[in-house]
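Source file final-v3.csv; content: CSV, C-alpha atoms.
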chain,number,residue,atom,x,y,z
A,607,MET,CA,51.6,-24.1,17.5
A,608,VAL,CA,54.4,-23.1,19.9
A,609,GLN,CA,53.8,-21.8,23.4
A,610,GLU,CA,56.5,-20.5,25.8
A,611,ASN,CA,55.9,-18.9,29.1
A,612,VAL,CA,56.9,-15.3,29.8
A,613,THR,CA,55.7,-13.6,32.9
A,614,ASN,CA,53.1,-16.3,33.2
A,615,THR,CA,51.7,-15.4,29.8
A,616,SER,CA,52.0,-17.7,26.8
A,617,ILE,CA,53.3,-16.7,23.4
A,618,VAL,CA,51.2,-18.4,20.7
A,619,LEU,CA,52.8,-18.9,17.3
A,620,THR,CA,51.0,-20.9,14.6
A,621,LYS,CA,52.0,-22.4,11.3
A,622,PRO,CA,52.1,-20.0,8.3
A,623,PHE,CA,49.6,-20.5,5.6
A,624,SER,CA,51.3,-22.6,3.0
A,625,LEU,CA,50.8,-25.4,0.5
A,626,GLY,CA,50.2,-28.6,2.4
A,627,ASN,CA,49.0,-27.0,5.6
A,628,GLY,CA,46.8,-24.3,4.2
A,629,ASN,CA,43.3,-24.7,2.8
A,630,GLU,CA,42.9,-28.3,3.8
A,631,SER,CA,44.1,-29.0,7.3
A,632,ASP,CA,44.2,-25.4,8.7
A,633,SER,CA,40.6,-24.8,7.6
A,634,GLU,CA,39.4,-27.5,10.0
A,635,VAL,CA,41.1,-25.7,12.8
A,636,TYR,CA,40.2,-22.1,12.1
A,637,SER,CA,36.8,-22.1,10.4
A,638,ALA,CA,33.6,-21.8,12.4
A,639,PRO,CA,30.6,-24.0,11.5
A,640,ASN,CA,28.1,-22.7,8.9
A,641,ILE,CA,30.6,-20.1,7.8
A,642,LEU,CA,28.7,-18.9,4.7
A,643,GLN,CA,25.5,-18.4,6.6
A,644,ARG,CA,27.3,-16.6,9.3
A,645,ILE,CA,29.0,-14.3,6.7
A,646,LEU,CA,25.7,-13.5,5.0
A,647,SER,CA,24.1,-12.7,8.4
A,648,LEU,CA,27.0,-10.5,9.4
A,649,LEU,CA,26.9,-8.4,6.2
A,650,ARG,CA,23.1,-8.2,5.7
A,651,ASN,CA,23.0,-4.6,7.0
A,652,VAL,CA,26.1,-3.5,5.1
A,653,ARG,CA,25.5,-1.5,1.9
A,654,PRO,CA,27.5,-2.3,-1.3
A,655,GLY,CA,30.5,0.0,-1.6
A,656,SER,CA,30.9,0.3,2.1
A,657,ASP,CA,34.5,0.6,3.5
A,658,LEU,CA,34.9,-2.3,6.0
A,659,THR,CA,38.2,-0.9,7.6
A,660,ARG,CA,36.5,-0.3,10.9
A,661,PHE,CA,34.2,-3.3,10.7
A,662,GLN,CA,34.5,-5.4,13.8
A,663,LEU,CA,34.6,-9.2,13.3
A,664,PRO,CA,33.5,-11.7,16.0
A,665,PRO,CA,36.2,-14.1,17.1
A,666,GLN,CA,34.6,-16.9,15.0
A,667,PHE,CA,35.7,-15.1,11.9
A,668,ASN,CA,39.4,-14.7,13.1
A,669,PHE,CA,42.2,-17.2,12.7
A,670,PRO,CA,44.8,-17.1,15.5
A,671,LYS,CA,47.2,-14.6,13.9
A,672,SER,CA,47.6,-10.8,13.6
A,673,GLN,CA,47.8,-9.2,10.2
A,674,LEU,CA,51.4,-8.2,11.1
A,675,GLN,CA,52.3,-11.8,11.4
A,676,CYS,CA,50.8,-12.6,8.0
A,677,TYR,CA,52.9,-9.8,6.4
A,678,GLY,CA,56.0,-11.0,8.2
A,679,GLU,CA,55.5,-14.6,7.3
A,680,SER,CA,55.5,-13.8,3.6
A,681,ILE,CA,59.1,-12.6,4.1
A,682,TYR,CA,60.6,-15.0,6.5
A,683,SER,CA,58.6,-18.2,6.0
A,684,LYS,CA,60.2,-19.9,3.0
A,685,THR,CA,61.9,-23.3,2.5
A,686,SER,CA,64.1,-21.9,-0.2
A,687,ASP,CA,66.2,-18.8,0.0
A,688,LEU,CA,65.0,-16.8,-3.0
A,689,LEU,CA,66.0,-13.5,-1.4
A,690,SER,CA,69.7,-14.3,-1.3
A,691,ARG,CA,69.5,-15.6,-4.9
A,692,CYS,CA,68.5,-12.1,-6.0
A,693,ASN,CA,72.1,-11.0,-5.4
A,694,THR,CA,73.5,-13.7,-7.6
A,695,GLY,CA,72.3,-12.5,-11.0
A,696,GLN,CA,75.1,-11.8,-13.3
A,697,ASN,CA,73.4,-8.8,-14.9
A,698,PRO,CA,70.4,-6.5,-14.2
A,699,LEU,CA,67.9,-8.6,-16.2
A,700,GLU,CA,68.8,-11.8,-14.4
A,701,ARG,CA,68.5,-10.0,-11.0
A,702,LEU,CA,65.0,-8.6,-12.0
A,703,ILE,CA,63.9,-12.2,-12.9
A,704,PHE,CA,65.0,-13.4,-9.5
A,705,VAL,CA,63.2,-10.5,-7.9
A,706,VAL,CA,60.0,-11.4,-9.8
A,707,ALA,CA,60.3,-15.0,-8.4
A,708,TRP,CA,60.8,-13.7,-4.9
A,709,SER,CA,57.8,-11.3,-5.2
A,710,ILE,CA,55.6,-14.2,-6.3
A,711,SER,CA,56.7,-16.1,-3.2
A,712,THR,CA,55.2,-13.5,-0.9
A,713,THR,CA,51.7,-14.6,-2.2
A,714,ARG,CA,50.2,-17.2,0.2
A,715,PRO,CA,47.1,-19.3,0.2
A,716,ALA,CA,44.3,-17.8,2.3
A,717,ILE,CA,41.2,-19.4,3.9
A,718,PHE,CA,37.7,-18.5,3.0
A,719,GLY,CA,35.6,-17.0,5.8
A,720,VAL,CA,38.3,-16.1,8.3
A,721,ALA,CA,40.6,-13.1,8.7
A,722,PRO,CA,43.6,-12.1,10.9
A,723,TYR,CA,43.3,-9.7,13.8
A,724,ASN,CA,43.5,-6.0,13.2
A,725,PRO,CA,46.8,-5.0,14.8
A,726,THR,CA,46.8,-2.7,17.8
A,727,LEU,CA,48.6,0.7,17.6
A,728,GLY,CA,52.3,0.1,18.3
A,729,GLU,CA,52.0,-3.7,18.0
A,730,THR,CA,55.2,-5.3,16.7
A,731,HIS,CA,56.2,-8.6,15.2
A,732,HIS,CA,59.9,-9.5,15.2
A,733,VAL,CA,61.4,-12.7,13.8
A,734,SER,CA,64.9,-13.8,12.6
A,735,LYS,CA,65.6,-16.4,9.9
A,736,GLY,CA,69.4,-17.0,9.7
A,737,ASN,CA,71.0,-13.6,8.9
A,738,LEU,CA,67.6,-12.1,7.9
A,739,ASN,CA,65.9,-10.1,10.6
A,740,VAL,CA,62.4,-8.9,10.1
A,741,LEU,CA,60.6,-6.2,12.1
A,742,LEU,CA,57.0,-5.0,11.7
A,743,GLU,CA,55.2,-2.2,13.5
A,744,GLN,CA,51.6,-1.0,13.3
A,745,VAL,CA,52.2,2.7,12.8
A,746,SER,CA,48.6,3.8,12.5
A,747,HIS,CA,45.3,2.3,13.6
A,748,HIS,CA,42.8,4.3,11.6
A,749,PRO,CA,43.7,3.9,8.8
A,750,PRO,CA,45.5,0.6,9.5
A,751,VAL,CA,49.0,1.3,8.3
A,752,SER,CA,51.6,-1.4,8.7
A,753,ALA,CA,55.4,-0.9,8.3
A,754,LEU,CA,58.0,-3.6,7.7
A,755,HIS,CA,61.8,-3.5,7.7
A,756,ALA,CA,63.9,-6.5,7.0
A,757,THR,CA,67.7,-6.6,6.6
A,758,ASP,CA,70.3,-9.2,5.9
A,759,GLU,CA,73.8,-7.7,6.8
A,760,LYS,CA,75.6,-10.7,5.2
A,761,GLU,CA,73.9,-10.3,1.8
A,762,ASN,CA,73.5,-6.5,2.1
A,763,ILE,CA,69.8,-6.6,1.4
A,764,GLU,CA,67.1,-4.4,2.7
A,765,ILE,CA,63.3,-4.6,2.4
A,766,ILE,CA,60.9,-1.8,3.4
A,767,TRP,CA,57.2,-2.0,3.1
A,768,CYS,CA,54.5,0.5,4.0
A,769,GLN,CA,51.0,-0.8,3.3
A,770,TYR,CA,47.4,-0.5,4.4
A,771,PRO,CA,44.4,-2.7,3.2
A,772,VAL,CA,41.1,-1.0,2.3
A,773,PRO,CA,38.4,-3.7,2.3
A,774,LYS,CA,35.2,-2.9,0.5
A,775,PHE,CA,31.9,-4.8,0.3
A,776,ASN,CA,30.6,-5.1,-3.3
A,777,GLY,CA,27.3,-6.9,-2.6
A,778,THR,CA,28.5,-10.4,-3.6
A,779,SER,CA,32.1,-10.1,-2.6
A,780,VAL,CA,34.6,-8.2,-0.5
A,781,GLU,CA,37.8,-6.9,-2.1
A,782,ALA,CA,40.7,-5.9,0.1
A,783,GLN,CA,42.8,-3.5,-1.9
A,784,VAL,CA,46.3,-3.4,-0.5
A,785,HIS,CA,47.6,0.2,-0.9
A,786,GLY,CA,51.2,1.3,-0.3
A,787,LYS,CA,54.7,0.6,-1.6
A,788,ARG,CA,57.2,-2.3,-1.3
A,789,GLN,CA,60.9,-1.8,-1.8
A,790,LEU,CA,63.7,-4.4,-2.1
A,791,LYS,CA,67.2,-3.0,-2.1
A,792,LEU,CA,70.2,-5.0,-3.4
A,793,ILE,CA,72.8,-2.7,-1.9
A,794,ASN,CA,75.8,-4.5,-3.4
A,795,HIS,CA,74.5,-3.8,-6.9
A,796,GLY,CA,73.1,-0.3,-6.1
A,797,GLU,CA,69.6,-1.4,-7.2
A,798,THR,CA,66.2,-0.6,-5.7
A,799,TYR,CA,63.1,-2.5,-6.8
A,800,GLU,CA,59.7,-1.0,-6.2
A,801,MET,CA,56.6,-3.1,-6.3
A,802,ASN,CA,53.0,-3.3,-5.2
A,803,SER,CA,50.7,-6.0,-3.9
A,804,PRO,CA,47.8,-7.9,-5.5
A,805,HIS,CA,44.4,-7.5,-4.0
A,806,LEU,CA,42.5,-10.2,-2.0
A,807,LEU,CA,39.1,-11.0,-3.5
A,808,ILE,CA,36.7,-12.8,-1.2
A,809,LYS,CA,33.7,-14.1,-3.3
A,810,ILE,CA,30.6,-14.8,-1.3
A,811,LEU,CA,28.0,-15.5,-4.0
A,812,PRO,CA,27.3,-17.3,-6.2
A,813,VAL,CA,30.3,-19.5,-5.6
A,814,PRO,CA,32.2,-18.9,-2.3
A,815,GLY,CA,36.0,-18.6,-2.7
A,816,ILE,CA,39.1,-16.5,-2.1
A,817,ASP,CA,41.7,-15.3,-4.7
A,818,TRP,CA,44.6,-12.9,-5.1
A,819,VAL,CA,43.8,-10.7,-8.1
A,820,GLY,CA,45.0,-7.5,-9.8
A,821,ASN,CA,48.1,-6.0,-11.4
A,822,VAL,CA,51.5,-6.0,-9.8
A,823,ASN,CA,54.3,-3.9,-11.3
A,824,ILE,CA,58.0,-4.4,-10.3
A,825,LYS,CA,60.4,-1.8,-11.5
A,826,CYS,CA,64.1,-1.3,-10.9
A,827,ILE,CA,64.6,2.4,-10.6
A,828,GLU,CA,68.2,2.4,-11.7
A,829,THR,CA,68.0,0.1,-14.8
A,830,GLY,CA,64.5,0.9,-16.0
A,831,LEU,CA,63.6,-2.8,-16.4
A,832,VAL,CA,60.0,-3.5,-15.5
A,833,ALA,CA,57.9,-6.6,-14.8
A,834,GLU,CA,54.1,-6.4,-15.3
A,835,LEU,CA,52.2,-9.2,-13.7
A,836,CYS,CA,48.5,-9.9,-13.5
A,837,TYR,CA,46.9,-12.2,-10.9
A,838,ILE,CA,43.8,-13.7,-12.4
A,839,GLY,CA,40.9,-15.3,-10.4
A,840,GLN,CA,38.0,-17.4,-11.5
A,841,SER,CA,35.0,-16.0,-13.3
A,842,PHE,CA,31.9,-14.7,-11.4
A,843,PHE,CA,30.3,-18.1,-11.6
A,844,GLY,CA,33.5,-20.0,-10.8
A,845,PHE,CA,33.8,-21.3,-14.4
A,846,GLY,CA,36.4,-20.8,-17.1
A,847,GLY,CA,40.1,-21.2,-16.4
A,848,SER,CA,42.3,-22.3,-13.6
A,849,ARG,CA,42.6,-20.7,-10.2
A,850,ARG,CA,45.6,-18.8,-9.0
A,851,LEU,CA,46.7,-17.9,-12.5
A,852,ILE,CA,49.5,-15.4,-13.1
A,853,LYS,CA,50.5,-13.9,-16.5
A,854,GLY,CA,52.8,-11.1,-17.4
A,855,LYS,CA,55.9,-9.7,-19.2
A,856,ILE,CA,59.3,-8.2,-18.6
A,857,ILE,CA,59.9,-5.0,-20.5
A,858,ASP,CA,62.8,-2.7,-21.1
A,859,SER,CA,61.1,0.7,-20.4
A,860,SER,CA,63.6,2.6,-22.4
A,861,SER,CA,62.8,0.8,-25.7
A,862,LEU,CA,59.4,-0.7,-24.6
A,863,LYS,CA,60.7,-4.0,-25.9
A,864,ILE,CA,59.1,-7.1,-24.4
A,865,LEU,CA,62.0,-9.3,-23.3
A,866,HIS,CA,60.2,-12.2,-21.6
A,867,GLU,CA,56.7,-13.5,-21.1
A,868,VAL,CA,55.6,-14.8,-17.7
A,869,ASN,CA,53.0,-17.6,-17.3
A,870,GLY,CA,51.9,-20.1,-14.7
A,871,HIS,CA,50.2,-20.4,-11.3
A,872,TRP,CA,51.5,-18.8,-8.2
A,873,ASP,CA,50.7,-21.9,-6.1
A,874,SER,CA,52.5,-24.3,-8.5
A,875,THR,CA,55.0,-23.4,-11.3
A,876,VAL,CA,55.7,-20.1,-13.1
A,877,THR,CA,57.7,-20.1,-16.3
A,878,LEU,CA,59.5,-17.5,-18.3
A,879,LYS,CA,59.6,-17.5,-22.1
A,880,GLU,CA,62.3,-15.4,-23.9
A,881,THR,CA,60.7,-13.6,-26.8
A,882,ASN,CA,63.7,-13.8,-29.2
A,883,SER,CA,64.6,-17.4,-28.9
A,884,GLY,CA,61.3,-18.9,-27.6
A,885,GLU,CA,63.3,-20.6,-24.8
A,886,VAL,CA,61.1,-21.5,-21.8
A,887,ARG,CA,62.4,-22.1,-18.3
A,888,ALA,CA,60.9,-22.4,-14.8
A,889,ILE,CA,61.6,-19.5,-12.5
A,890,TYR,CA,59.4,-20.4,-9.5
A,891,ASP,CA,58.1,-23.7,-8.0
A,892,ALA,CA,55.8,-23.1,-5.1
A,893,LYS,CA,56.3,-26.6,-3.7
A,894,GLU,CA,60.0,-25.8,-3.2
A,895,VAL,CA,59.3,-22.5,-1.5
A,896,ILE,CA,56.0,-22.4,0.5
A,897,TYR,CA,55.2,-26.1,1.1
A,898,GLY,CA,54.7,-27.4,4.7
A,899,LEU,CA,56.0,-24.3,6.4
A,900,GLN,CA,56.5,-24.6,10.2
A,901,ALA,CA,55.8,-22.1,13.0
A,902,PRO,CA,58.6,-19.9,14.4
A,903,THR,CA,59.9,-20.9,17.8
A,904,VAL,CA,60.9,-18.8,20.9
A,905,LYS,CA,64.6,-18.9,21.6
A,906,ASP,CA,64.6,-16.5,24.6
A,907,ALA,CA,61.1,-15.8,26.1
A,908,GLU,CA,62.3,-13.1,28.5
A,909,SER,CA,63.6,-11.0,25.6
A,910,VAL,CA,60.3,-11.0,23.7
A,911,TRP,CA,59.0,-7.4,23.5
A,912,PRO,CA,55.7,-6.8,25.3
A,913,THR,CA,54.3,-5.3,22.0
A,914,GLU,CA,54.9,-8.6,20.2
A,915,SER,CA,51.8,-9.8,18.2
A,916,ALA,CA,52.1,-13.4,19.4
A,917,LEU,CA,52.0,-12.1,23.0
A,918,ILE,CA,49.3,-9.4,22.8
A,919,TRP,CA,46.8,-11.8,21.2
A,920,SER,CA,47.9,-15.0,23.0
A,921,GLU,CA,44.8,-15.5,25.1
A,922,LEU,CA,42.5,-15.0,22.1
A,923,SER,CA,44.6,-17.3,19.9
A,924,GLN,CA,44.5,-20.0,22.5
A,925,ALA,CA,40.7,-19.7,22.9
A,926,ILE,CA,40.2,-19.9,19.1
A,927,LEU,CA,42.4,-23.0,18.8
A,928,SER,CA,40.4,-24.6,21.6
A,929,LYS,CA,37.2,-23.3,20.1
A,930,ASN,CA,36.2,-21.8,23.4
A,931,TRP,CA,34.2,-18.9,21.8
A,932,GLU,CA,33.0,-17.4,25.1
A,933,LYS,CA,36.6,-17.1,26.3
A,934,ALA,CA,37.6,-15.8,22.9
A,935,ARG,CA,35.0,-13.0,23.1
A,936,GLU,CA,36.3,-12.0,26.5
A,937,ALA,CA,39.9,-12.0,25.4
A,938,LYS,CA,39.2,-9.9,22.3
A,939,LYS,CA,37.2,-7.4,24.3
A,940,ALA,CA,40.1,-7.1,26.8
A,941,VAL,CA,42.6,-6.2,24.0
A,942,GLU,CA,40.2,-3.7,22.5
A,943,GLU,CA,39.4,-2.1,25.9
A,944,ARG,CA,43.1,-1.8,26.7
A,945,GLN,CA,43.6,0.1,23.5
A,946,ARG,CA,40.7,2.5,24.3
A,947,GLU,CA,42.2,3.0,27.8
A,948,LEU,CA,45.6,3.9,26.3
A,949,LEU,CA,43.9,6.3,23.9
A,950,ARG,CA,42.0,8.0,26.8
A,951,GLU,CA,45.3,8.4,28.7
A,952,ARG,CA,47.0,10.0,25.8
A,953,GLU,CA,44.1,12.4,25.1
A,954,SER,CA,44.0,13.4,28.8
A,955,LYS,CA,47.7,14.3,28.7
A,956,GLY,CA,47.5,15.9,25.3
A,957,GLU,CA,50.0,13.4,23.9
A,958,THR,CA,50.3,12.2,20.3
A,959,TRP,CA,51.4,8.7,19.7
A,960,VAL,CA,54.7,8.3,17.7
A,961,PRO,CA,56.0,5.0,16.2
A,962,LYS,CA,59.0,3.6,17.9
A,963,HIS,CA,60.7,2.0,14.9
A,964,PHE,CA,59.6,4.1,11.9
A,965,ILE,CA,59.1,7.6,10.8
A,966,LEU,CA,55.6,7.9,9.4
A,967,SER,CA,54.6,10.5,6.8
A,968,GLN,CA,51.7,11.3,4.5
A,969,SER,CA,51.8,13.1,1.1
A,970,LYS,CA,49.4,15.8,0.0
A,971,GLU,CA,47.7,13.1,-2.1
A,972,GLY,CA,47.1,11.0,1.0
A,973,VAL,CA,49.8,8.4,0.3
A,974,TRP,CA,51.5,7.0,3.4
A,975,ASP,CA,55.2,6.3,3.7
A,976,CYS,CA,57.4,4.8,6.4
A,977,SER,CA,61.1,5.1,6.9
A,978,PRO,CA,62.9,2.8,9.3
A,979,ILE,CA,64.8,4.6,12.1
A,980,GLN,CA,67.5,2.0,12.4
A,981,LYS,CA,69.8,1.0,9.5
A,982,TRP,CA,69.8,-2.7,10.5
A,983,VAL,CA,67.1,-4.7,12.2
A,984,PRO,CA,68.5,-6.5,15.3
A,985,ALA,CA,68.3,-10.2,15.8
A,986,SER,CA,65.0,-11.5,17.4
A,987,PRO,CA,64.4,-13.9,20.3
A,988,ILE,CA,61.8,-15.5,18.0
A,989,VAL,CA,63.4,-17.6,15.2
A,990,THR,CA,62.4,-19.7,12.3
A,991,LEU,CA,64.3,-22.2,10.1

Produce C-alpha cells that represent the structure in this file.
Amino acid sequence: MVQENVTNTSIVLTKPFSLGNGNESDSEVYSAPNILQRILSLLRNVRPGSDLTRFQLPPQFNFPKSQLQCYGESIYSKTSDLLSRCNTGQNPLERLIFVVAWSISTTRPAIFGVAPYNPTLGETHHVSKGNLNVLLEQVSHHPPVSALHATDEKENIEIIWCQYPVPKFNGTSVEAQVHGKRQLKLINHGETYEMNSPHLLIKILPVPGIDWVGNVNIKCIETGLVAELCYIGQSFFGFGGSRRLIKGKIIDSSSLKILHEVNGHWDSTVTLKETNSGEVRAIYDAKEVIYGLQAPTVKDAESVWPTESALIWSELSQAILSKNWEKAREAKKAVEERQRELLRERESKGETWVPKHFILSQSKEGVWDCSPIQKWVPASPIVTL
C-alpha cells in the first residue's frame, strides 16, 4: 500500500491481484470473518435470476480498490512487456499469437467473497508505465459503463475498451457477464484486434470458489485471422479437471482452416500446437508476467486529479485495511451521499452529465460504445514499474 498526502487527503494504492500476492496473502487482508455465512445471509432475500447491478454491498464485502483500478491493472501491471512484443511479429499470424498471449495476461486471480467498489460517475484512474499511459473513466453509473484508453506513442499502440458487467444471482452462484468490446490497435501494421472478456463465476454452493469462464474471441479485422478461446471452470461439485483451464484454436476465417490449438492454464503455462507439424511451444507463462506485482506509486501528488479512484475512495480503503468497519461504513456512505448531492444539483439546473475524456454512444440494440476524445493519453503523476 502506498499513501501520499495531497490537500491533507491520502491516496491509497494497493497491490494488484497477482500470483504470489493474490489468493493467499491478500485474502487475509481483505476478507471478512465467516464470509460464506455472510454471503448467504446477504442473498437470502434475492430471487434467482435477479440482476445485482444496483445491489449495495456492505464494506466488509469490498476490497480496497475500485473496479476502474482492476480494469487498469490488467493493462499496466505486468512484469513482462507482452504489449510491445505484439509489434515484433514478422507476419500477421505471429502477431495474432502475441495478441492472444497479451489477452490471456489481462486475466487475473480474484478473491472469493469480496468485490471492488462500484465506480462513481466521472471517476477516473490514470497511471503510466514507461511509455504506456492508461486512462479510465466511469462514463455511466446505471448501467455501470467503464471506458479505457491506453496509448504507447513509442510503439504506436492504442487500446480502447468499453465494458459493463451485469452480475446475476443464479441461486447457487453469481455470474458477472462482462459486456462490451475491447480493441487493440497495432498502428504500425495497420491492424485492429477486437476481443471480448471472459465472465466471472462466483460459486457459493456446494463448493465455494471463483473462476473466469466462457468464450473469448479475438479477431484481426484486416487479416481475418481468429482465435477462439474457452475459459473452463470446475464442475458444479468442484470435481473433475483442473482449475483455470484454457483451451482454444486459431483459425483462418477465409478457409476455416485450424492453424493452431491452444491449451493450458491461464495462471501457469499456455502452449500452442501447430496442426500441420505437431510442434508445441509455450506462448504464455503467468509466472513471468503476473507474479508478485507491486502497487503503483505517486510521483507528483499535487497533479493527481480530484476524480482519481485512489483519492475518492481513500478513506474507505484505509478503514478496510485497518478493519475499522464503523469508519468504513461512514466513509462509504459519505461517497454515496456526495454522488446523490451532485445528481440533485444537476437535476435542479436541468443539466445532463457528459464524460470528460470519452464520447459515449448506444446503438439501437442497446450496445454501448466509447470513443476517446484525445488521440494520445497524457503521462500520469501515478506511475508503476

Item to check | Test item: which residues lie within 7 Å of (49.7, -21.2, 2.8) counting only C-alpha atoms, as a PyMOL selection string | outcome: chain A and resi 622-625+627-628+714-716+896

Once you count all atoms listed in the file, what closest atom pair and distance in Å to one decimal does each residue of range 796-829 of chain A within 9 Å of range 692-699 of chain A have, with rows by chain and rising residue number, as CSV?
residue,atom,partner,partner_atom,distance
A:Glu797,CA,A:Pro698,CA,8.7
A:Cys826,CA,A:Pro698,CA,8.8
A:Thr829,CA,A:Pro698,CA,7.0

Checklist outcome for this item: Using all atoms listed in the file, the shortest atom-to-atom distance to Glu828 in chain A among A:Asp975, A:Leu702, A:Ile852, A:Asp758 belongs to A:Leu702

Checklist entry - At what distance in Å, to one decimal, does CA of Gln673 in chain A lie from CA of Leu922 in chain A? => result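 For CA of Leu922 in chain A relative to CA of Gln673 in chain A, the distance reads 14.3 Å.
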
Checklist entry - When you draw a straight line from CA of Pro978 in chain A to CA of Ile766 in chain A, how long is it in Å? => result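 It comes out at 7.7 Å.
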
Checklist entry - Which is closer to Ile889 in chain A than all the others in A:His731, A:Arg701, A:Arg788, A:Lys671, using all atoms listed in the file? => result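 Of A:His731, A:Arg701, A:Arg788, A:Lys671, the one nearest Ile889 in chain A is A:Arg701, counting all atoms listed in the file.
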
Checklist entry - Interatomic distance between CA of Arg887 in chain A and CA of Ile857 in chain A? => result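 Separation between CA of Arg887 in chain A and CA of Ile857 in chain A: 17.4 Å.
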
Range 852-857 of chain A: axis-aligned bounding box, 8 Å on each side, centre and edge lengths in Å, one decimal, as lines of an AutoDock Vina configuration file:
center_x = 54.7
center_y = -10.2
center_z = -16.8
size_x = 26.4
size_y = 26.4
size_z = 23.4

Item to check | Residues within 9 Å of Val819 in chain A, only C-alpha atoms, excluding chain neighbours under 2 positions, as a list in words | outcome: Pro804, His805, Leu806, Leu807, Asp817, Asn821, Cys836, Tyr837, Ile838, Gly839, Arg850, Leu851 and Ile852 of chain A

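Across A:Lys905, A:Arg849, A:Lys939, A:Lys893, the tightest approach to Glu921 in chain A is made by A:Lys939 when counting all atoms listed in the file.
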